[in-house]
Each structure stands twice: as C-alpha cells, then as structure tokens.
>>> print(open('structure.cif').read())   # mmCIF, C-alpha atoms and all ligand atoms
data_model
#
loop_
_atom_site.group_PDB
_atom_site.id
_atom_site.type_symbol
_atom_site.label_atom_id
_atom_site.label_comp_id
_atom_site.auth_asym_id
_atom_site.auth_seq_id
_atom_site.Cartn_x
_atom_site.Cartn_y
_atom_site.Cartn_z
ATOM 1 C CA MET A 40 -28.598 -5.805 -3.147
ATOM 2 C CA SER A 41 -26.764 -6.234 -6.460
ATOM 3 C CA LYS A 42 -23.352 -7.891 -6.586
ATOM 4 C CA THR A 43 -20.378 -5.551 -6.771
ATOM 5 C CA ILE A 44 -17.941 -5.796 -9.666
ATOM 6 C CA VAL A 45 -14.701 -3.868 -9.195
ATOM 7 C CA ILE A 46 -13.030 -2.960 -12.481
ATOM 8 C CA GLY A 47 -9.775 -1.333 -13.535
ATOM 9 C CA SER A 48 -7.486 -1.015 -16.532
ATOM 10 C CA ASP A 49 -4.500 0.806 -17.907
ATOM 11 C CA HIS A 50 -4.505 2.884 -21.110
ATOM 12 C CA GLY A 51 -4.187 -0.343 -23.146
ATOM 13 C CA GLY A 52 -7.440 -1.643 -21.707
ATOM 14 C CA TYR A 53 -9.327 1.604 -21.253
ATOM 15 C CA ALA A 54 -11.628 1.396 -24.303
ATOM 16 C CA LEU A 55 -12.686 -2.192 -23.563
ATOM 17 C CA LYS A 56 -13.193 -1.282 -19.918
ATOM 18 C CA GLN A 57 -15.733 1.366 -20.929
ATOM 19 C CA VAL A 58 -17.680 -1.244 -22.945
ATOM 20 C CA LEU A 59 -17.630 -3.693 -20.023
ATOM 21 C CA ILE A 60 -18.769 -1.061 -17.517
ATOM 22 C CA LYS A 61 -21.808 -0.254 -19.664
ATOM 23 C CA ALA A 62 -22.720 -3.946 -20.003
ATOM 24 C CA LEU A 63 -22.285 -4.591 -16.270
ATOM 25 C CA ALA A 64 -24.609 -1.704 -15.445
ATOM 26 C CA ASP A 65 -27.151 -2.950 -18.015
ATOM 27 C CA TRP A 66 -26.998 -6.415 -16.399
ATOM 28 C CA GLY A 67 -27.800 -4.898 -12.994
ATOM 29 C CA TYR A 68 -24.416 -5.082 -11.273
ATOM 30 C CA ALA A 69 -23.061 -2.379 -8.985
ATOM 31 C CA VAL A 70 -19.855 -1.299 -10.759
ATOM 32 C CA GLU A 71 -16.875 0.289 -9.002
ATOM 33 C CA ASP A 72 -14.418 1.749 -11.510
ATOM 34 C CA GLN A 73 -10.978 2.053 -9.939
ATOM 35 C CA GLY A 74 -9.614 3.961 -12.939
ATOM 36 C CA PRO A 75 -7.981 5.307 -14.916
ATOM 37 C CA ASP A 76 -10.533 7.853 -16.114
ATOM 38 C CA CYS A 77 -8.754 8.758 -19.362
ATOM 39 C CA LEU A 78 -6.598 7.225 -22.112
ATOM 40 C CA GLU A 79 -3.353 8.808 -20.939
ATOM 41 C CA SER A 80 -0.458 6.349 -20.655
ATOM 42 C CA CYS A 81 -0.250 4.833 -17.167
ATOM 43 C CA ASP A 82 1.215 1.851 -15.294
ATOM 44 C CA TYR A 83 -0.979 -1.248 -14.963
ATOM 45 C CA PRO A 84 0.298 -2.487 -11.551
ATOM 46 C CA LEU A 85 -1.051 0.626 -9.849
ATOM 47 C CA PHE A 86 -4.588 -0.018 -11.094
ATOM 48 C CA ALA A 87 -4.370 -3.770 -10.565
ATOM 49 C CA ALA A 88 -3.477 -3.056 -6.933
ATOM 50 C CA LYS A 89 -6.527 -0.841 -6.432
ATOM 51 C CA VAL A 90 -8.859 -3.562 -7.719
ATOM 52 C CA VAL A 91 -7.100 -6.337 -5.772
ATOM 53 C CA ASP A 92 -7.317 -4.379 -2.521
ATOM 54 C CA ARG A 93 -11.074 -3.869 -2.985
ATOM 55 C CA VAL A 94 -11.720 -7.512 -3.921
ATOM 56 C CA LYS A 95 -9.684 -8.701 -0.918
ATOM 57 C CA ALA A 96 -11.758 -6.469 1.350
ATOM 58 C CA ASP A 97 -15.129 -7.776 0.113
ATOM 59 C CA ASP A 98 -15.634 -11.546 -0.114
ATOM 60 C CA ALA A 99 -18.782 -11.070 -2.191
ATOM 61 C CA ALA A 100 -17.158 -8.894 -4.841
ATOM 62 C CA LEU A 101 -15.519 -10.000 -8.062
ATOM 63 C CA GLY A 102 -12.992 -8.042 -10.124
ATOM 64 C CA VAL A 103 -12.203 -7.347 -13.767
ATOM 65 C CA LEU A 104 -8.811 -6.096 -14.966
ATOM 66 C CA VAL A 105 -8.064 -5.076 -18.548
ATOM 67 C CA CYS A 106 -4.724 -4.136 -20.091
ATOM 68 C CA GLY A 107 -3.344 -4.526 -23.607
ATOM 69 C CA THR A 108 -2.632 -8.240 -23.315
ATOM 70 C CA GLY A 109 -4.089 -9.046 -19.890
ATOM 71 C CA GLN A 110 -0.703 -10.458 -18.863
ATOM 72 C CA GLY A 111 0.563 -7.694 -16.621
ATOM 73 C CA MET A 112 -2.745 -7.455 -14.770
ATOM 74 C CA THR A 113 -2.830 -11.218 -14.233
ATOM 75 C CA MET A 114 0.745 -11.326 -12.930
ATOM 76 C CA THR A 115 0.190 -8.448 -10.529
ATOM 77 C CA ALA A 116 -3.100 -9.716 -9.103
ATOM 78 C CA ASN A 117 -1.879 -13.269 -8.538
ATOM 79 C CA ARG A 118 1.321 -12.076 -6.916
ATOM 80 C CA MET A 119 -0.804 -9.948 -4.565
ATOM 81 C CA GLY A 120 -2.586 -13.095 -3.453
ATOM 82 C CA VAL A 121 -5.866 -13.096 -5.360
ATOM 83 C CA ARG A 122 -6.733 -15.810 -7.877
ATOM 84 C CA ALA A 123 -6.887 -14.001 -11.226
ATOM 85 C CA ALA A 124 -7.421 -15.684 -14.589
ATOM 86 C CA LEU A 125 -6.545 -14.427 -18.057
ATOM 87 C CA CYS A 126 -9.336 -15.718 -20.278
ATOM 88 C CA THR A 127 -9.489 -15.633 -24.059
ATOM 89 C CA ASN A 128 -12.590 -17.772 -24.505
ATOM 90 C CA GLU A 129 -15.753 -18.746 -22.668
ATOM 91 C CA PHE A 130 -14.500 -22.221 -21.728
ATOM 92 C CA LEU A 131 -11.549 -20.720 -19.854
ATOM 93 C CA ALA A 132 -13.890 -18.289 -18.097
ATOM 94 C CA ARG A 133 -16.220 -21.094 -16.983
ATOM 95 C CA MET A 134 -13.350 -23.260 -15.748
ATOM 96 C CA ALA A 135 -11.691 -20.328 -13.986
ATOM 97 C CA ARG A 136 -14.802 -19.953 -11.832
ATOM 98 C CA GLU A 137 -15.975 -23.576 -11.557
ATOM 99 C CA HIS A 138 -12.583 -25.198 -10.867
ATOM 100 C CA ASN A 139 -10.335 -22.370 -9.671
ATOM 101 C CA ASP A 140 -12.773 -19.986 -7.938
ATOM 102 C CA ALA A 141 -11.050 -17.087 -9.688
ATOM 103 C CA ARG A 142 -12.024 -13.766 -8.111
ATOM 104 C CA ILE A 143 -10.663 -11.580 -10.905
ATOM 105 C CA LEU A 144 -11.164 -11.910 -14.657
ATOM 106 C CA CYS A 145 -8.312 -10.511 -16.748
ATOM 107 C CA LEU A 146 -8.771 -9.538 -20.381
ATOM 108 C CA GLY A 147 -6.502 -8.176 -23.123
ATOM 109 C CA GLU A 148 -8.004 -5.416 -25.240
ATOM 110 C CA ARG A 149 -5.406 -6.015 -27.983
ATOM 111 C CA VAL A 150 -6.184 -9.738 -27.969
ATOM 112 C CA THR A 151 -9.913 -10.183 -27.504
ATOM 113 C CA GLY A 152 -12.627 -8.390 -29.484
ATOM 114 C CA GLN A 153 -15.447 -6.603 -27.696
ATOM 115 C CA GLY A 154 -18.156 -9.140 -28.531
ATOM 116 C CA LEU A 155 -16.113 -12.083 -27.278
ATOM 117 C CA ALA A 156 -14.959 -10.133 -24.225
ATOM 118 C CA LEU A 157 -18.591 -9.518 -23.271
ATOM 119 C CA ALA A 158 -19.424 -13.213 -23.681
ATOM 120 C CA ILE A 159 -16.388 -14.153 -21.557
ATOM 121 C CA LEU A 160 -17.433 -11.690 -18.857
ATOM 122 C CA LYS A 161 -21.029 -12.984 -18.811
ATOM 123 C CA THR A 162 -19.829 -16.584 -18.517
ATOM 124 C CA PHE A 163 -17.414 -15.666 -15.719
ATOM 125 C CA LEU A 164 -20.181 -13.943 -13.746
ATOM 126 C CA ASP A 165 -22.808 -16.633 -14.364
ATOM 127 C CA THR A 166 -20.621 -19.572 -13.261
ATOM 128 C CA GLU A 167 -20.481 -20.709 -9.622
ATOM 129 C CA PHE A 168 -17.479 -22.328 -7.941
ATOM 130 C CA GLY A 169 -17.822 -26.130 -7.876
ATOM 131 C CA GLY A 170 -16.348 -26.643 -4.366
ATOM 132 C CA GLU A 171 -15.482 -30.161 -3.148
ATOM 133 C CA ARG A 172 -12.181 -31.417 -4.675
ATOM 134 C CA HIS A 173 -11.623 -27.990 -6.211
ATOM 135 C CA GLN A 174 -11.668 -26.372 -2.756
ATOM 136 C CA ARG A 175 -8.900 -28.755 -1.632
ATOM 137 C CA ARG A 176 -6.860 -27.830 -4.677
ATOM 138 C CA ILE A 177 -7.177 -24.073 -4.300
ATOM 139 C CA ASP A 178 -6.328 -24.435 -0.593
ATOM 140 C CA LEU A 179 -3.183 -26.231 -1.745
ATOM 141 C CA ILE A 180 -2.243 -23.244 -3.927
ATOM 142 C CA ASP A 181 -1.967 -21.199 -0.723
ATOM 143 C CA ALA A 182 -0.258 -24.020 1.175
ATOM 144 C CA VAL A 183 2.503 -24.541 -1.380
ATOM 145 C CA SER A 184 2.966 -20.780 -1.863
ATOM 146 C CA LYS A 185 4.001 -20.106 1.767
HETATM 147 C C1 LIG A 201 0.942 -1.244 -22.284
HETATM 148 O O1 LIG A 201 1.590 -0.870 -23.460
HETATM 149 C C2 LIG A 201 0.960 -2.752 -22.146
HETATM 150 O O2 LIG A 201 2.252 -3.195 -21.871
HETATM 151 C C3 LIG A 201 -0.007 -3.194 -21.064
HETATM 152 O O3 LIG A 201 -1.277 -2.742 -21.377
HETATM 153 C C4 LIG A 201 -0.137 -4.695 -20.853
HETATM 154 O O4 LIG A 201 -0.313 -5.346 -22.064
HETATM 155 C C5 LIG A 201 0.903 -5.308 -20.024
HETATM 156 O O5 LIG A 201 0.848 -6.500 -19.714
#
>>> encode(input="structure.cif", output="structure tokens", more="lines below")
Ligand code: RB5
Amino acid sequence: MSKTIVIGSDHGGYALKQVLIKALADWGYAVEDQGPDCLESCDYPLFAAKVVDRVKADDAALGVLVCGTGQGMTMTANRMGVRAALCTNEFLARMAREHNDARILCLGERVTGQGLALAILKTFLDTEFGGERHQRRIDLIDAVSK
C-alpha cells in the first residue's frame, strides 16, 4: 500500500499545492487533498487544522501545508501539537525529518519557487527519522510543553 500524504493550503499556496499534488501522484503516493479547491481567499488555520487532524489520526501519514509564506501554517500546526517544519531548502527538509521527526512540511508559495519546492518535498519524503538521541529530544519537546 502506498504511503498517504495529506495536503492543504490557503489561496496563497493554492497554485504550488496543485504542482505538489501532481508530483506526489507521479511518485506513487496516495494524496489526500484537504482543500481548498479554488483560489478564492480563505483562512489558513481552517485548512491547517484539517491536515493536522488527519495526520494525528494516522501515524503512517505525513502532511504538507502551503500558504503564502508558510508561517501561518507552521504556527497553527505546531500549536495543535504536530511537529511541523517550514523549509526553504533541502538541508532544512532533511534535518526536519532526520533530527526532528517532523510530520508536516510547510512551504511558502511566495518564498520558494516550484522547482526548489519539489526538491524540498522529495528530500522530506525520502529522509527517515534518525531515532536515538533525537527521540529523547523530541520527547522533551512534549515534556517541556505541558
Ligand atoms: C495570505 O495573504 C497570507 O497571509 C497567508 O497565505 C500566509 O502567508 C500566512 O502566514
């Protein structure tokens, strides 16, 4: 069974989201688009919440959130209790998975071009969590956040 990638955006990330959905399907992932389904102005926390809820419900799934800058999506997802990383290059994407076990990749359509965004996404998906000392550290994120 192919891995599920749950994706969402606001209007500011809609065009990049469409590009990412096509690539994910081409790479063989099962893609769940949580909206929006048009470019009409909308509020990013509502779509971040849909993706976060799905990722929380499925340990095997990963998420992608795109808005204009990626900032609002990142803030919302982390506050809802899922590790989400705003990545603007491939190194950040690799570290977000390997060291931080990020479950959601956040991208800014007004910041990152389509070619780089695709490379960031591929790196994020291809990198495994490193475990060991990094597990202790992400457990501590939850411990100090209580
Ligand atoms: C929408 O104009 C914009 O504020 C949003 O896409 C995002 O950048 C917020 O963080």
>>> residues_around(input="structure.cif", residues="Phe86 in chain A", least_positions_apart="4", cutoff="7 Å", atoms="all atoms listed in the file", output="mmCIF file with C-alpha atoms, in the frame of the given file")
data_model
loop_
_atom_site.group_PDB
_atom_site.id
_atom_site.type_symbol
_atom_site.label_atom_id
_atom_site.label_comp_id
_atom_site.auth_asym_id
_atom_site.auth_seq_id
_atom_site.Cartn_x
_atom_site.Cartn_y
_atom_site.Cartn_z
ATOM 1 C CA GLY A 47 -9.775 -1.333 -13.535
ATOM 2 C CA SER A 48 -7.486 -1.015 -16.532
ATOM 3 C CA ASP A 49 -4.500 0.806 -17.907
ATOM 4 C CA GLN A 73 -10.978 2.053 -9.939
ATOM 5 C CA GLY A 74 -9.614 3.961 -12.939
ATOM 6 C CA VAL A 90 -8.859 -3.562 -7.719
#
>>> resolve_selection(input="structure.cif", expression="the PyMOL selection byres (((chain A and resi 114) around 12) and not hetatm)", output="ChimeraX atom specification")
/A:83-84,87-88,91,104,106,108-113,115-125,143,145
>>> closest_residue(input="structure.cif", among="A:Leu164, A:Glu71, A:Glu148, A:Val105", to="Met134 in chain A", atoms="all atoms listed in the file")
A:Leu164
>>> closest_residue(input="structure.cif", among="A:Leu144, A:Leu78, A:Ile180, A:Ala156", to="Val45 in chain A", atoms="all atoms listed in the file")
A:Leu144
>>> resolve_selection(input="structure.cif", expression="the PyMOL selection byres (((chain A and resi 135) around 12) and not hetatm)", output="PyMOL selection string")
chain A and resi 122-134+136-145+159-160+162-169+173+177
>>> residues_near_point(input="structure.cif", point="(-30.5, -3.9, -6.6)", cutoff="10 Å", atoms="all atoms listed in the file", output="ChimeraX atom specification")
/A:40-42,67-69
>>> write_last_selection(input="structure.cif", atoms="C-alpha atoms", output="PDB file, keeping the file's coordinate frame")
ATOM      1  CA  MET A  40     -28.598  -5.805  -3.147  1.00  0.00           C
ATOM      2  CA  SER A  41     -26.764  -6.234  -6.460  1.00  0.00           C
ATOM      3  CA  LYS A  42     -23.352  -7.891  -6.586  1.00  0.00           C
ATOM      4  CA  GLY A  67     -27.800  -4.898 -12.994  1.00  0.00           C
ATOM      5  CA  TYR A  68     -24.416  -5.082 -11.273  1.00  0.00           C
ATOM      6  CA  ALA A  69     -23.061  -2.379  -8.985  1.00  0.00           C
TER       7      ALA A  69
END
>>> closest_residue(input="structure.cif", among="A:Ile46, A:Leu59, A:Val70, A:Leu146", to="ligand LIG 201 (chain A)", atoms="only C-alpha atoms and all ligand atoms")
A:Leu146
>>> atom_distance(input="structure.cif", atom1="CA of Gln57 in chain A", atom2="atom O2 of ligand LIG 201 (chain A)")
18.6 Å
>>> closest_residue(input="structure.cif", among="A:Thr43, A:Leu85, A:Arg176, A:Val150", to="Ile60 in chain A", atoms="all atoms listed in the file")
A:Thr43
>>> atom_distance(input="structure.cif", atom1="CA of Tyr53 in chain A", atom2="CA of Ala100 in chain A")
21.0 Å
>>> atom_distance(input="structure.cif", atom1="atom O4 of ligand LIG 201 (chain A)", atom2="CA of Lys185 in chain A")
28.4 Å
>>> closest_residue(input="structure.cif", among="A:Val183, A:Cys81, A:Leu55, A:Ala62", to="ligand LIG 201 (chain A)", atoms="all atoms listed in the file")
A:Cys81
>>> closest_residue(input="structure.cif", among="A:Gly107, A:Arg93, A:Ser80, A:Asp65", to="ligand LIG 201 (chain A)", atoms="only C-alpha atoms and all ligand atoms")
A:Gly107
>>> axis_aligned_box(input="structure.cif", around="ligand LIG 201 (chain A)", padding_each_side="6 Å", output="JSON")
{"center_x": 0.5, "center_y": -3.7, "center_z": -21.6, "size_x": 15.5, "size_y": 17.6, "size_z": 15.7}
>>> decode(input="structure.cif", residues="range 124-136 of chain A", atoms="all heavy atoms", output="mmCIF file, in the first residue's frame")
data_model
loop_
_atom_site.group_PDB
_atom_site.id
_atom_site.type_symbol
_atom_site.label_atom_id
_atom_site.label_comp_id
_atom_site.auth_asym_id
_atom_site.auth_seq_id
_atom_site.Cartn_x
_atom_site.Cartn_y
_atom_site.Cartn_z
ATOM 1 N N ALA A 124 7.501 21.721 10.089
ATOM 2 C CA ALA A 124 8.729 22.465 9.803
ATOM 3 C C ALA A 124 8.593 23.274 8.523
ATOM 4 O O ALA A 124 8.245 22.735 7.466
ATOM 5 C CB ALA A 124 9.898 21.488 9.673
ATOM 6 N N LEU A 125 8.874 24.565 8.639
ATOM 7 C CA LEU A 125 8.924 25.447 7.469
ATOM 8 C C LEU A 125 10.308 25.307 6.842
ATOM 9 O O LEU A 125 11.315 25.630 7.483
ATOM 10 C CB LEU A 125 8.669 26.893 7.899
ATOM 11 C CG LEU A 125 8.832 27.977 6.839
ATOM 12 C CD1 LEU A 125 7.904 27.745 5.658
ATOM 13 C CD2 LEU A 125 8.560 29.350 7.461
ATOM 14 N N CYS A 126 10.356 24.831 5.625
ATOM 15 C CA CYS A 126 11.644 24.542 4.983
ATOM 16 C C CYS A 126 11.795 25.363 3.707
ATOM 17 O O CYS A 126 10.906 25.374 2.855
ATOM 18 C CB CYS A 126 11.760 23.059 4.661
ATOM 19 S SG CYS A 126 11.741 21.993 6.123
ATOM 20 N N THR A 127 12.956 26.001 3.585
ATOM 21 C CA THR A 127 13.233 26.800 2.394
ATOM 22 C C THR A 127 14.415 26.236 1.599
ATOM 23 O O THR A 127 14.821 26.826 0.600
ATOM 24 C CB THR A 127 13.543 28.263 2.785
ATOM 25 O OG1 THR A 127 14.566 28.257 3.790
ATOM 26 C CG2 THR A 127 12.300 28.956 3.314
ATOM 27 N N ASN A 128 14.957 25.130 2.065
ATOM 28 C CA ASN A 128 15.999 24.454 1.282
ATOM 29 C C ASN A 128 16.010 22.971 1.648
ATOM 30 O O ASN A 128 15.344 22.536 2.602
ATOM 31 C CB ASN A 128 17.372 25.114 1.468
ATOM 32 C CG ASN A 128 17.851 25.078 2.904
ATOM 33 O OD1 ASN A 128 17.794 24.032 3.562
ATOM 34 N ND2 ASN A 128 18.315 26.209 3.410
ATOM 35 N N GLU A 129 16.788 22.204 0.882
ATOM 36 C CA GLU A 129 16.780 20.756 1.065
ATOM 37 C C GLU A 129 17.461 20.333 2.372
ATOM 38 O O GLU A 129 17.079 19.327 2.970
ATOM 39 C CB GLU A 129 17.457 20.092 -0.136
ATOM 40 C CG GLU A 129 16.632 20.222 -1.398
ATOM 41 C CD GLU A 129 17.440 19.944 -2.645
ATOM 42 O OE1 GLU A 129 17.683 18.768 -2.942
ATOM 43 O OE2 GLU A 129 17.847 20.919 -3.311
ATOM 44 N N PHE A 130 18.460 21.098 2.808
ATOM 45 C CA PHE A 130 19.125 20.764 4.071
ATOM 46 C C PHE A 130 18.130 20.839 5.236
ATOM 47 O O PHE A 130 18.071 19.937 6.088
ATOM 48 C CB PHE A 130 20.316 21.703 4.323
ATOM 49 C CG PHE A 130 20.998 21.461 5.639
ATOM 50 C CD1 PHE A 130 21.789 20.337 5.839
ATOM 51 C CD2 PHE A 130 20.834 22.344 6.699
ATOM 52 C CE1 PHE A 130 22.401 20.098 7.061
ATOM 53 C CE2 PHE A 130 21.451 22.110 7.920
ATOM 54 C CZ PHE A 130 22.236 20.988 8.101
ATOM 55 N N LEU A 131 17.337 21.904 5.255
ATOM 56 C CA LEU A 131 16.334 22.032 6.325
ATOM 57 C C LEU A 131 15.327 20.891 6.268
ATOM 58 O O LEU A 131 14.904 20.369 7.312
ATOM 59 C CB LEU A 131 15.616 23.379 6.203
ATOM 60 C CG LEU A 131 16.424 24.604 6.639
ATOM 61 C CD1 LEU A 131 15.681 25.883 6.264
ATOM 62 C CD2 LEU A 131 16.717 24.576 8.129
ATOM 63 N N ALA A 132 14.952 20.485 5.064
ATOM 64 C CA ALA A 132 13.988 19.385 4.925
ATOM 65 C C ALA A 132 14.580 18.082 5.455
ATOM 66 O O ALA A 132 13.905 17.303 6.149
ATOM 67 C CB ALA A 132 13.589 19.235 3.461
ATOM 68 N N ARG A 133 15.842 17.832 5.144
ATOM 69 C CA ARG A 133 16.490 16.587 5.602
ATOM 70 C C ARG A 133 16.624 16.591 7.121
ATOM 71 O O ARG A 133 16.307 15.606 7.792
ATOM 72 C CB ARG A 133 17.856 16.437 4.933
ATOM 73 C CG ARG A 133 18.576 15.144 5.288
ATOM 74 C CD ARG A 133 19.619 14.770 4.249
ATOM 75 N NE ARG A 133 20.635 15.796 4.082
ATOM 76 C CZ ARG A 133 21.718 15.944 4.868
ATOM 77 N NH1 ARG A 133 21.903 15.122 5.875
ATOM 78 N NH2 ARG A 133 22.595 16.888 4.634
ATOM 79 N N MET A 134 17.045 17.714 7.675
ATOM 80 C CA MET A 134 17.195 17.800 9.135
ATOM 81 C C MET A 134 15.841 17.723 9.851
ATOM 82 O O MET A 134 15.735 17.149 10.946
ATOM 83 C CB MET A 134 17.912 19.100 9.517
ATOM 84 C CG MET A 134 19.374 19.144 9.174
ATOM 85 S SD MET A 134 20.344 17.890 10.045
ATOM 86 C CE MET A 134 20.618 16.718 8.737
ATOM 87 N N ALA A 135 14.831 18.314 9.249
ATOM 88 C CA ALA A 135 13.498 18.292 9.871
ATOM 89 C C ALA A 135 13.006 16.860 10.049
ATOM 90 O O ALA A 135 12.339 16.541 11.047
ATOM 91 C CB ALA A 135 12.509 19.094 9.028
ATOM 92 N N ARG A 136 13.350 15.984 9.115
ATOM 93 C CA ARG A 136 12.952 14.580 9.250
ATOM 94 C C ARG A 136 13.949 13.817 10.122
ATOM 95 O O ARG A 136 13.565 13.105 11.047
ATOM 96 C CB ARG A 136 12.874 13.924 7.860
ATOM 97 C CG ARG A 136 11.702 14.373 7.010
ATOM 98 C CD ARG A 136 10.357 13.805 7.521
ATOM 99 N NE ARG A 136 10.419 12.378 7.606
ATOM 100 C CZ ARG A 136 10.036 11.679 8.685
ATOM 101 N NH1 ARG A 136 9.546 12.287 9.751
ATOM 102 N NH2 ARG A 136 10.146 10.371 8.696
#
